[in-house]
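Structure file query09.cif; described as mmCIF, C-alpha atoms and all ligand atoms.
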```cif
data_my_file
loop_
_atom_site.group_PDB
_atom_site.id
_atom_site.type_symbol
_atom_site.label_atom_id
_atom_site.label_comp_id
_atom_site.auth_asym_id
_atom_site.auth_seq_id
_atom_site.Cartn_x
_atom_site.Cartn_y
_atom_site.Cartn_z
ATOM 1 C CA GLN A 782 -38.442 -3.040 23.971
ATOM 2 C CA ASP A 783 -39.822 -3.318 20.455
ATOM 3 C CA THR A 784 -36.411 -2.568 18.959
ATOM 4 C CA GLU A 785 -34.230 -5.325 17.567
ATOM 5 C CA MET A 786 -30.610 -4.810 16.581
ATOM 6 C CA LEU A 787 -29.648 -6.340 13.243
ATOM 7 C CA ARG A 788 -26.117 -7.056 12.069
ATOM 8 C CA PRO A 789 -26.332 -7.354 8.278
ATOM 9 C CA VAL A 790 -22.588 -7.912 7.867
ATOM 10 C CA ARG A 791 -20.375 -10.157 9.952
ATOM 11 C CA ARG A 792 -16.723 -10.986 9.372
ATOM 12 C CA GLY A 793 -16.802 -8.782 6.314
ATOM 13 C CA ALA A 794 -19.512 -10.763 4.500
ATOM 14 C CA ILE A 795 -23.294 -10.704 4.386
ATOM 15 C CA ALA A 796 -24.764 -12.531 7.362
ATOM 16 C CA ASP A 797 -28.351 -11.306 7.006
ATOM 17 C CA TYR A 798 -29.311 -10.952 3.349
ATOM 18 C CA ALA A 799 -32.719 -9.303 3.857
ATOM 19 C CA ALA A 800 -31.277 -6.739 6.278
ATOM 20 C CA THR A 801 -28.475 -5.955 3.813
ATOM 21 C CA VAL A 802 -30.922 -5.307 0.975
ATOM 22 C CA PHE A 803 -33.057 -3.171 3.291
ATOM 23 C CA TYR A 804 -30.032 -1.131 4.351
ATOM 24 C CA LEU A 805 -28.742 -0.698 0.791
ATOM 25 C CA LYS A 806 -32.172 0.502 -0.377
ATOM 26 C CA LYS A 807 -32.225 3.139 2.344
ATOM 27 C CA ALA A 808 -28.662 4.198 1.599
ATOM 28 C CA LEU A 809 -29.344 4.465 -2.143
ATOM 29 C CA ALA A 810 -32.509 6.464 -1.573
ATOM 30 C CA ALA A 811 -30.618 8.873 0.679
ATOM 31 C CA ALA A 812 -27.768 9.249 -1.817
ATOM 32 C CA GLN A 813 -29.899 9.720 -4.930
ATOM 33 C CA ARG A 814 -33.079 11.587 -4.343
ATOM 34 C CA PHE A 815 -33.805 12.172 -8.015
ATOM 35 C CA ARG A 816 -32.883 8.942 -9.607
ATOM 36 C CA VAL A 817 -32.339 8.836 -13.362
ATOM 37 C CA LEU A 818 -29.911 6.000 -13.966
ATOM 38 C CA LYS A 819 -29.313 2.971 -11.823
ATOM 39 C CA PRO A 820 -26.276 3.756 -9.700
ATOM 40 C CA VAL A 821 -23.100 1.694 -9.766
ATOM 41 C CA LEU A 822 -21.678 0.921 -6.331
ATOM 42 C CA VAL A 823 -18.106 0.592 -5.104
ATOM 43 C CA ALA A 824 -17.684 -1.622 -2.030
ATOM 44 C CA GLY A 825 -14.648 -2.209 0.173
ATOM 45 C CA VAL A 826 -14.462 -5.937 0.942
ATOM 46 C CA PRO A 827 -12.080 -8.352 2.699
ATOM 47 C CA ILE A 828 -9.203 -9.623 0.547
ATOM 48 C CA GLN A 829 -10.317 -13.221 0.788
ATOM 49 C CA LEU A 830 -14.019 -12.708 0.178
ATOM 50 C CA SER A 831 -15.161 -16.030 -1.311
ATOM 51 C CA SER A 832 -16.871 -16.112 -4.695
ATOM 52 C CA VAL A 833 -20.103 -17.166 -2.984
ATOM 53 C CA GLU A 834 -19.887 -14.177 -0.621
ATOM 54 C CA ALA A 835 -19.089 -11.850 -3.532
ATOM 55 C CA ARG A 836 -22.071 -13.227 -5.448
ATOM 56 C CA ALA A 837 -24.367 -12.592 -2.459
ATOM 57 C CA LEU A 838 -23.161 -8.993 -2.282
ATOM 58 C CA CYS A 839 -23.803 -8.480 -5.997
ATOM 59 C CA ASP A 840 -27.272 -10.017 -5.735
ATOM 60 C CA ALA A 841 -28.094 -7.790 -2.764
ATOM 61 C CA ALA A 842 -26.887 -4.700 -4.645
ATOM 62 C CA ARG A 843 -29.009 -5.558 -7.675
ATOM 63 C CA GLU A 844 -32.046 -6.304 -5.551
ATOM 64 C CA ALA A 845 -31.622 -2.930 -3.859
ATOM 65 C CA GLY A 846 -31.718 -1.204 -7.248
ATOM 66 C CA ALA A 847 -28.055 -0.836 -8.199
ATOM 67 C CA GLY A 848 -26.951 -1.278 -11.797
ATOM 68 C CA GLY A 849 -23.675 -2.899 -10.823
ATOM 69 C CA ILE A 850 -21.037 -3.106 -8.133
ATOM 70 C CA PHE A 851 -17.255 -2.939 -8.105
ATOM 71 C CA LEU A 852 -15.469 -4.728 -5.293
ATOM 72 C CA VAL A 853 -12.210 -3.363 -3.989
ATOM 73 C CA PRO A 854 -10.085 -4.988 -1.256
ATOM 74 C CA CYS A 855 -10.402 -2.709 1.758
ATOM 75 C CA THR A 856 -6.646 -2.375 2.358
ATOM 76 C CA LEU A 857 -6.221 -1.146 -1.204
ATOM 77 C CA ALA A 858 -9.031 1.377 -0.689
ATOM 78 C CA ALA A 859 -7.486 2.529 2.604
ATOM 79 C CA LEU A 860 -4.141 3.104 0.901
ATOM 80 C CA TRP A 861 -5.679 4.828 -2.122
ATOM 81 C CA GLY A 862 -7.488 7.139 0.259
ATOM 82 C CA CYS A 863 -4.249 8.483 1.693
ATOM 83 C CA LEU A 864 -1.596 8.175 -1.029
ATOM 84 C CA GLU A 865 -0.394 11.222 -2.870
ATOM 85 C CA ASP A 866 0.200 9.073 -5.918
ATOM 86 C CA PRO A 867 -2.062 6.038 -6.230
ATOM 87 C CA GLU A 868 0.292 4.610 -8.864
ATOM 88 C CA ASP A 869 3.048 4.397 -6.246
ATOM 89 C CA PRO A 870 5.260 1.500 -7.379
ATOM 90 C CA THR A 871 6.901 0.961 -3.989
ATOM 91 C CA GLY A 872 5.735 -1.760 -1.623
ATOM 92 C CA SER A 873 3.446 -1.019 1.337
ATOM 93 C CA LEU A 874 2.350 -3.313 4.147
ATOM 94 C CA VAL A 875 -1.213 -2.342 5.052
ATOM 95 C CA VAL A 876 -3.184 -3.979 7.876
ATOM 96 C CA ASP A 877 -6.866 -3.151 8.368
ATOM 97 C CA VAL A 878 -8.175 -4.266 11.758
ATOM 98 C CA GLY A 879 -11.969 -4.157 11.594
ATOM 99 C CA ALA A 880 -14.827 -5.450 13.708
ATOM 100 C CA GLY A 881 -14.987 -8.979 12.340
ATOM 101 C CA VAL A 882 -11.842 -9.508 10.310
ATOM 102 C CA THR A 883 -8.295 -8.262 9.897
ATOM 103 C CA ASP A 884 -6.920 -7.882 6.398
ATOM 104 C CA VAL A 885 -3.166 -8.042 5.898
ATOM 105 C CA SER A 886 -1.699 -7.112 2.553
ATOM 106 C CA VAL A 887 1.364 -6.047 0.662
ATOM 107 C CA ILE A 888 0.504 -3.602 -2.103
ATOM 108 C CA ALA A 889 2.659 -2.232 -4.916
ATOM 109 C CA SER A 890 1.708 -0.386 -8.124
ATOM 110 C CA ASN A 891 -2.027 -0.633 -7.386
ATOM 111 C CA GLN A 892 -1.781 -4.399 -7.072
ATOM 112 C CA LEU A 893 -2.340 -6.687 -4.171
ATOM 113 C CA ILE A 894 0.894 -8.680 -4.118
ATOM 114 C CA VAL A 895 0.228 -10.994 -1.154
ATOM 115 C CA GLY A 896 -2.268 -10.947 1.664
ATOM 116 C CA ARG A 897 -4.796 -12.784 3.757
ATOM 117 C CA THR A 898 -7.969 -12.246 5.733
ATOM 118 C CA ILE A 899 -7.686 -13.296 9.367
ATOM 119 C CA PRO A 900 -11.021 -13.978 11.094
ATOM 120 C CA ILE A 901 -10.272 -11.801 14.120
ATOM 121 C CA GLY A 902 -11.462 -8.289 14.819
ATOM 122 C CA GLY A 903 -12.747 -5.924 17.459
ATOM 123 C CA ASP A 904 -15.869 -8.003 18.153
ATOM 124 C CA ASP A 905 -13.662 -10.921 19.161
ATOM 125 C CA ILE A 906 -11.556 -8.693 21.400
ATOM 126 C CA THR A 907 -14.736 -7.475 23.121
ATOM 127 C CA LEU A 908 -15.748 -11.105 23.711
ATOM 128 C CA LEU A 909 -12.328 -11.808 25.225
ATOM 129 C CA ALA A 910 -12.723 -8.832 27.557
ATOM 130 C CA GLU A 911 -16.137 -10.126 28.585
ATOM 131 C CA ARG A 912 -14.683 -13.578 29.230
ATOM 132 C CA VAL A 913 -11.647 -12.520 31.268
ATOM 133 C CA MET A 914 -13.826 -10.310 33.458
ATOM 134 C CA GLU A 915 -16.180 -13.190 34.170
ATOM 135 C CA VAL A 916 -13.736 -16.067 34.467
ATOM 136 C CA SER A 917 -10.936 -14.343 36.359
ATOM 137 C CA TYR A 918 -12.919 -11.872 38.436
ATOM 138 C CA GLY A 919 -16.523 -13.090 38.557
ATOM 139 C CA VAL A 920 -17.735 -9.852 37.002
ATOM 140 C CA ARG A 921 -20.445 -10.355 34.422
ATOM 141 C CA MET A 922 -20.895 -7.565 31.963
ATOM 142 C CA GLY A 923 -22.772 -6.912 28.737
ATOM 143 C CA ARG A 924 -21.220 -6.196 25.359
ATOM 144 C CA ILE A 925 -21.218 -2.437 25.766
ATOM 145 C CA GLU A 926 -19.456 -2.508 29.107
ATOM 146 C CA ALA A 927 -16.974 -5.119 27.855
ATOM 147 C CA ALA A 928 -16.244 -2.936 24.825
ATOM 148 C CA ALA A 929 -15.519 -0.042 27.202
ATOM 149 C CA VAL A 930 -12.988 -2.213 29.098
ATOM 150 C CA LYS A 931 -11.419 -3.194 25.775
ATOM 151 C CA MET A 932 -11.080 0.421 24.666
ATOM 152 C CA ASP A 933 -9.717 1.510 28.033
ATOM 153 C CA VAL A 934 -7.249 -1.295 28.791
ATOM 154 C CA GLY A 935 -6.558 -2.813 25.391
ATOM 155 C CA VAL A 936 -3.211 -4.556 25.042
ATOM 156 C CA GLY A 937 -1.196 -1.764 26.637
ATOM 157 C CA TYR A 938 1.928 -2.253 28.722
ATOM 158 C CA TYR A 939 1.091 -2.069 32.446
ATOM 159 C CA GLN A 940 2.934 -2.598 35.714
ATOM 160 C CA ASP A 941 0.451 -2.868 38.547
ATOM 161 C CA GLU A 942 -2.292 -0.457 37.526
ATOM 162 C CA MET A 943 -5.679 -1.575 38.827
ATOM 163 C CA PHE A 944 -9.280 -0.581 38.261
ATOM 164 C CA GLU A 945 -12.441 -1.427 40.164
ATOM 165 C CA LYS A 946 -15.659 -3.089 39.076
ATOM 166 C CA ARG A 947 -18.750 -4.107 40.932
ATOM 167 C CA ARG A 948 -19.190 -7.855 41.080
ATOM 168 C CA ASN A 949 -22.807 -8.527 40.298
ATOM 169 C CA ASP A 950 -22.808 -12.275 40.050
ATOM 170 C CA PRO A 951 -24.814 -13.542 43.023
ATOM 171 C CA ASP A 952 -23.362 -17.083 42.587
ATOM 172 C CA HIS A 953 -19.910 -15.817 43.298
ATOM 173 C CA LYS A 954 -18.807 -16.117 46.926
ATOM 174 C CA GLY A 955 -19.162 -12.782 48.615
ATOM 175 C CA GLY A 956 -22.140 -11.736 46.521
ATOM 176 C CA PHE A 957 -22.194 -8.118 45.527
ATOM 177 C CA ASN A 958 -18.949 -6.338 46.179
ATOM 178 C CA ASN A 959 -16.188 -4.459 44.436
ATOM 179 C CA VAL A 960 -13.261 -6.270 42.858
ATOM 180 C CA ARG A 961 -9.874 -4.878 41.992
ATOM 181 C CA ILE A 962 -8.792 -5.824 38.510
ATOM 182 C CA SER A 963 -5.274 -5.871 37.155
ATOM 183 C CA LYS A 964 -4.977 -4.052 33.846
ATOM 184 C CA ARG A 965 -1.925 -6.124 33.104
ATOM 185 C CA GLN A 966 -3.828 -9.397 33.454
ATOM 186 C CA VAL A 967 -6.642 -8.184 31.201
ATOM 187 C CA ALA A 968 -4.187 -6.885 28.601
ATOM 188 C CA GLU A 969 -2.264 -10.156 28.568
ATOM 189 C CA PHE A 970 -5.449 -12.144 28.072
ATOM 190 C CA LEU A 971 -6.481 -9.959 25.131
ATOM 191 C CA LEU A 972 -2.982 -10.158 23.701
ATOM 192 C CA GLN A 973 -3.092 -13.969 23.646
ATOM 193 C CA GLY A 974 -6.259 -13.761 21.583
ATOM 194 C CA LEU A 975 -4.464 -11.585 19.042
ATOM 195 C CA GLU A 976 -1.827 -14.249 18.380
ATOM 196 C CA PRO A 977 -3.336 -15.309 15.000
ATOM 197 C CA LEU A 978 -3.144 -11.684 13.911
ATOM 198 C CA PHE A 979 0.573 -11.465 14.658
ATOM 199 C CA SER A 980 1.310 -14.774 12.964
ATOM 200 C CA GLY A 981 -0.838 -13.791 9.968
ATOM 201 C CA ILE A 982 1.298 -10.699 9.457
ATOM 202 C CA ILE A 983 4.514 -12.707 9.823
ATOM 203 C CA ASN A 984 3.286 -15.323 7.334
ATOM 204 C CA THR A 985 2.380 -12.586 4.859
ATOM 205 C CA LEU A 986 5.852 -11.071 5.192
ATOM 206 C CA GLU A 987 7.350 -14.505 4.555
ATOM 207 C CA GLU A 988 5.483 -14.698 1.253
ATOM 208 C CA THR A 989 6.473 -11.166 0.229
ATOM 209 C CA PRO A 990 8.887 -10.891 -2.729
ATOM 210 C CA PRO A 991 12.264 -9.871 -1.268
ATOM 211 C CA GLU A 992 12.584 -6.892 -3.632
ATOM 212 C CA LEU A 993 9.756 -5.194 -1.706
ATOM 213 C CA PHE A 994 11.350 -5.648 1.730
ATOM 214 C CA GLU A 995 13.393 -2.489 1.532
ATOM 215 C CA ASP A 996 10.295 -0.350 0.887
ATOM 216 C CA ILE A 997 8.373 -2.054 3.684
ATOM 217 C CA PHE A 998 11.158 -1.631 6.217
ATOM 218 C CA ARG A 999 11.567 2.004 5.203
ATOM 219 C CA LYS A 1000 7.846 2.831 5.377
ATOM 220 C CA GLY A 1001 6.888 0.459 8.158
ATOM 221 C CA LEU A 1002 3.505 -1.130 8.704
ATOM 222 C CA ILE A 1003 0.462 1.042 7.985
ATOM 223 C CA LEU A 1004 -2.590 0.415 10.173
ATOM 224 C CA SER A 1005 -6.194 1.218 9.331
ATOM 225 C CA GLY A 1006 -9.608 0.133 10.652
ATOM 226 C CA GLY A 1007 -11.422 1.026 13.873
ATOM 227 C CA SER A 1008 -9.708 -1.666 15.927
ATOM 228 C CA SER A 1009 -6.294 -0.250 15.111
ATOM 229 C CA LEU A 1010 -7.222 2.247 17.852
ATOM 230 C CA LEU A 1011 -6.947 -0.534 20.454
ATOM 231 C CA PRO A 1012 -4.654 0.887 23.164
ATOM 232 C CA GLY A 1013 -1.190 -0.645 22.959
ATOM 233 C CA LEU A 1014 -1.703 -2.442 19.648
ATOM 234 C CA ARG A 1015 0.655 -0.205 17.717
ATOM 235 C CA ARG A 1016 3.502 -0.724 20.176
ATOM 236 C CA ARG A 1017 2.886 -4.461 20.517
ATOM 237 C CA LEU A 1018 3.117 -4.837 16.739
ATOM 238 C CA GLN A 1019 6.186 -2.675 16.619
ATOM 239 C CA ASP A 1020 7.968 -4.710 19.277
ATOM 240 C CA ARG A 1021 6.929 -8.053 17.868
ATOM 241 C CA LEU A 1022 7.697 -7.362 14.221
ATOM 242 C CA ASN A 1023 10.635 -5.062 14.690
ATOM 243 C CA LEU A 1024 9.020 -2.671 12.229
ATOM 244 C CA ASN A 1025 7.930 0.899 12.602
ATOM 245 C CA VAL A 1026 4.105 0.979 12.840
ATOM 246 C CA THR A 1027 2.008 4.008 11.908
ATOM 247 C CA ARG A 1028 -1.733 4.472 11.935
ATOM 248 C CA LEU A 1029 -3.688 6.351 9.289
ATOM 249 C CA PRO A 1030 -5.060 9.621 10.694
ATOM 250 C CA GLU A 1031 -8.721 8.567 10.855
ATOM 251 C CA PRO A 1032 -8.480 4.789 10.820
ATOM 252 C CA SER A 1033 -12.224 4.157 11.182
ATOM 253 C CA LEU A 1034 -12.844 6.214 8.046
ATOM 254 C CA SER A 1035 -9.861 5.282 5.912
ATOM 255 C CA VAL A 1036 -11.603 2.624 3.806
ATOM 256 C CA ILE A 1037 -14.624 4.809 3.110
ATOM 257 C CA GLN A 1038 -12.375 7.762 2.293
ATOM 258 C CA GLY A 1039 -10.562 5.590 -0.238
ATOM 259 C CA VAL A 1040 -13.840 4.387 -1.727
ATOM 260 C CA GLY A 1041 -14.897 8.040 -1.981
ATOM 261 C CA ARG A 1042 -11.724 8.853 -3.861
ATOM 262 C CA ILE A 1043 -12.280 5.971 -6.264
ATOM 263 C CA ILE A 1044 -15.794 7.245 -6.994
ATOM 264 C CA THR A 1045 -14.760 10.849 -7.557
ATOM 265 C CA ARG A 1046 -11.751 9.956 -9.719
ATOM 266 C CA PHE A 1047 -13.044 6.813 -11.324
ATOM 267 C CA GLY A 1048 -11.023 7.281 -14.504
ATOM 268 C CA GLN A 1049 -7.782 7.094 -12.579
ATOM 269 C CA PHE A 1050 -8.721 3.737 -11.122
ATOM 270 C CA ARG A 1051 -10.483 2.453 -14.218
ATOM 271 C CA GLU A 1052 -7.583 0.204 -15.147
ATOM 272 C CA TYR A 1053 -7.791 -1.640 -11.863
ATOM 273 C CA PHE A 1054 -11.461 -2.410 -12.457
ATOM 274 C CA ASP A 1055 -11.117 -3.222 -16.146
ATOM 275 C CA GLU A 1056 -10.769 -6.930 -15.612
ATOM 276 C CA GLN A 1057 -13.552 -6.845 -13.057
ATOM 277 C CA MET A 1058 -16.702 -6.296 -15.125
ATOM 278 C CA ALA A 1059 -19.262 -4.370 -13.106
ATOM 279 C CA MET A 1060 -20.963 -7.327 -11.523
ATOM 280 C CA ALA A 1061 -24.668 -7.771 -10.925
HETATM 281 N N1 LIG B 1101 -10.838 3.406 20.504
HETATM 282 C C1 LIG B 1101 -11.022 2.131 20.149
HETATM 283 N N2 LIG B 1101 -10.311 1.147 20.746
HETATM 284 C C2 LIG B 1101 -10.496 -0.142 20.399
HETATM 285 N N3 LIG B 1101 -11.369 -0.562 19.468
HETATM 286 C C3 LIG B 1101 -12.094 0.376 18.840
HETATM 287 C C4 LIG B 1101 -11.973 1.762 19.135
HETATM 288 N N4 LIG B 1101 -12.840 2.451 18.343
HETATM 289 C C5 LIG B 1101 -13.473 1.540 17.590
HETATM 290 N N5 LIG B 1101 -13.041 0.293 17.878
HETATM 291 C C6 LIG B 1101 -13.493 -0.974 17.304
HETATM 292 O O1 LIG B 1101 -13.396 -0.904 15.904
HETATM 293 C C7 LIG B 1101 -14.304 -1.854 15.325
HETATM 294 C C8 LIG B 1101 -14.958 -1.216 14.108
HETATM 295 O O2 LIG B 1101 -13.956 -0.950 13.162
HETATM 296 P P1 LIG B 1101 -14.291 -0.769 11.616
HETATM 297 O O3 LIG B 1101 -15.316 0.287 11.471
HETATM 298 O O4 LIG B 1101 -13.001 -0.617 10.909
HETATM 299 O O5 LIG B 1101 -14.932 -2.201 11.307
HETATM 300 P P2 LIG B 1101 -15.763 -2.683 10.035
HETATM 301 O O6 LIG B 1101 -15.102 -2.177 8.806
HETATM 302 O O7 LIG B 1101 -17.189 -2.379 10.278
HETATM 303 O O8 LIG B 1101 -15.586 -4.265 10.185
HETATM 304 P P3 LIG B 1101 -14.907 -5.331 9.191
HETATM 305 O O9 LIG B 1101 -13.774 -4.618 8.510
HETATM 306 O O10 LIG B 1101 -14.462 -6.425 10.081
HETATM 307 O O11 LIG B 1101 -15.985 -5.738 8.263
HETATM 308 C C9 LIG B 1101 -15.289 -2.232 16.414
HETATM 309 O O12 LIG B 1101 -15.008 -3.561 16.840
HETATM 310 C C10 LIG B 1101 -14.970 -1.242 17.532
HETATM 311 O O13 LIG B 1101 -15.176 -1.809 18.828
HETATM 312 MG MG MG B 1102 -13.611 -2.799 7.563
#
```
The structure in this file should be written as structure tokens.
Ligand SMILES: Nc1ncnc2c1ncn2[C@@H]1O[C@H](COP(=O)(O)OP(=O)(O)OP(=O)(O)O)[C@@H](O)[C@H]1O
Ligand SMILES: [Mg+2]
Amino acid sequence: QDTEMLRPVRRGAIADYAATVFYLKKALAAAQRFRVLKPVLVAGVPIQLSSVEARALCDAAREAGAGGIFLVPCTLAALWGCLEDPEDPTGSLVVDVGAGVTDVSVIASNQLIVGRTIPIGGDDITLLAERVMEVSYGVRMGRIEAAAVKMDVGVGYYQDEMFEKRRNDPDHKGGFNNVRISKRQVAEFLLQGLEPLFSGIINTLEETPPELFEDIFRKGLILSGGSSLLPGLRRRLQDRLNLNVTRLPEPSLSVIQGVGRIITRFGQFREYFDEQMAMA
């Protein structure tokens, strides 16, 4: 009742500055109980974070008591977190499907070669699930229930599998009753919403230097991010792109694992950050 949910970050950038500073202060206090020096932060960010958004993040970090902040594109962090050799010169196609954005990138020798941030993520897929349930079946549901439908049905391949929901919209003819819902119809609706994601990957591949194609076709597409767990997504991508698609073992944690690796072996990644003075 007296609890309000805040979302400090939306679409990979700060949406609520005060809440971000508050959160960072708490996180810093928890990480450094006996503070001597001001800590330097490493943050995984979308590839196409604008300079204004980057500035806001740096300001928030400084206000929370950090001495500086290094920004690393999240797909690069995800790959660094899992590579045997971070200096790997071969090309990799890494796609991070998050809550608010999807980052698509081709990486080689620690460099982002091409990539883009597509403003679609798991939150949008939840909204689509909410909408198809209401518009096609007259079932109104809240975010949590819609997210459960998303995680259960996703964009899988179905024949005529059905599930039941209670219709609780009194305006709908028939009032309160159970409706049978086609998984296939829900999946197809969600899939349509993912169209910009597919075309974003195709456009990125079109901009990729041809000498990296061989590596990418050999290794396939590497998925990270919580929304890469969406049922059926891996196979849909595979069929659409004609590429093998693999998912990192713990996709929700892959970016933070990479950031952790950067922090513990900072010297190894130093070169990457050299041109990026610790901001703030
Ligand atoms: N099993 C699952 N099936 C489908 N979606 C899932 C599953 N588990 C988590 N998600 C979705 O993953 C998203 C969170 O992923 P992640 O933690 O990578 O996002 P984020 O890094 O916070 O967001 P962003 O990268 O957009 O800033 C949420 O939208 C959540 O609903
Ligand atoms: Mg993310």
Could you write out as AutoDock Vina command-line options the box around stretch 915-919 of chain A (axis-aligned, all atoms listed in the file, 8 Å on each side), with centre and edge lengths in Å to one decimal?
```
--center_x -13.7 --center_y -14.0 --center_z 36.4 --size_x 21.6 --size_y 20.2 --size_z 20.4
```
Neighbours of point (-5.8, 2.0, -9.5) within 6 Å, using only C-alpha atoms, written as a PyMOL selection string:
chain A and resi 891+1050+1053
Using the chain letters and numbers from the file, which residues does the PyMOL selection byres (((chain A and resi 1023-1036) around 8) and not hetatm) grab, as an MDAnalysis selection string?
chainID A and resid 825 855:856 858:860 862:863 998 1000:1010 1015:1016 1018:1022 1037:1040
Within 12 Å of A:Asp840, counting all atoms listed in the file, which residues qualify if same-chain residues fewer than 4 places away don't, as a PyMOL selection string?
chain A and resi 795+798-799+801-802+805+833-836+844-850+1060-1061
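One finds atom CA of A:Leu1011 at 4.9 Å from atom C1 of ligand LIG 1101 (chain B).
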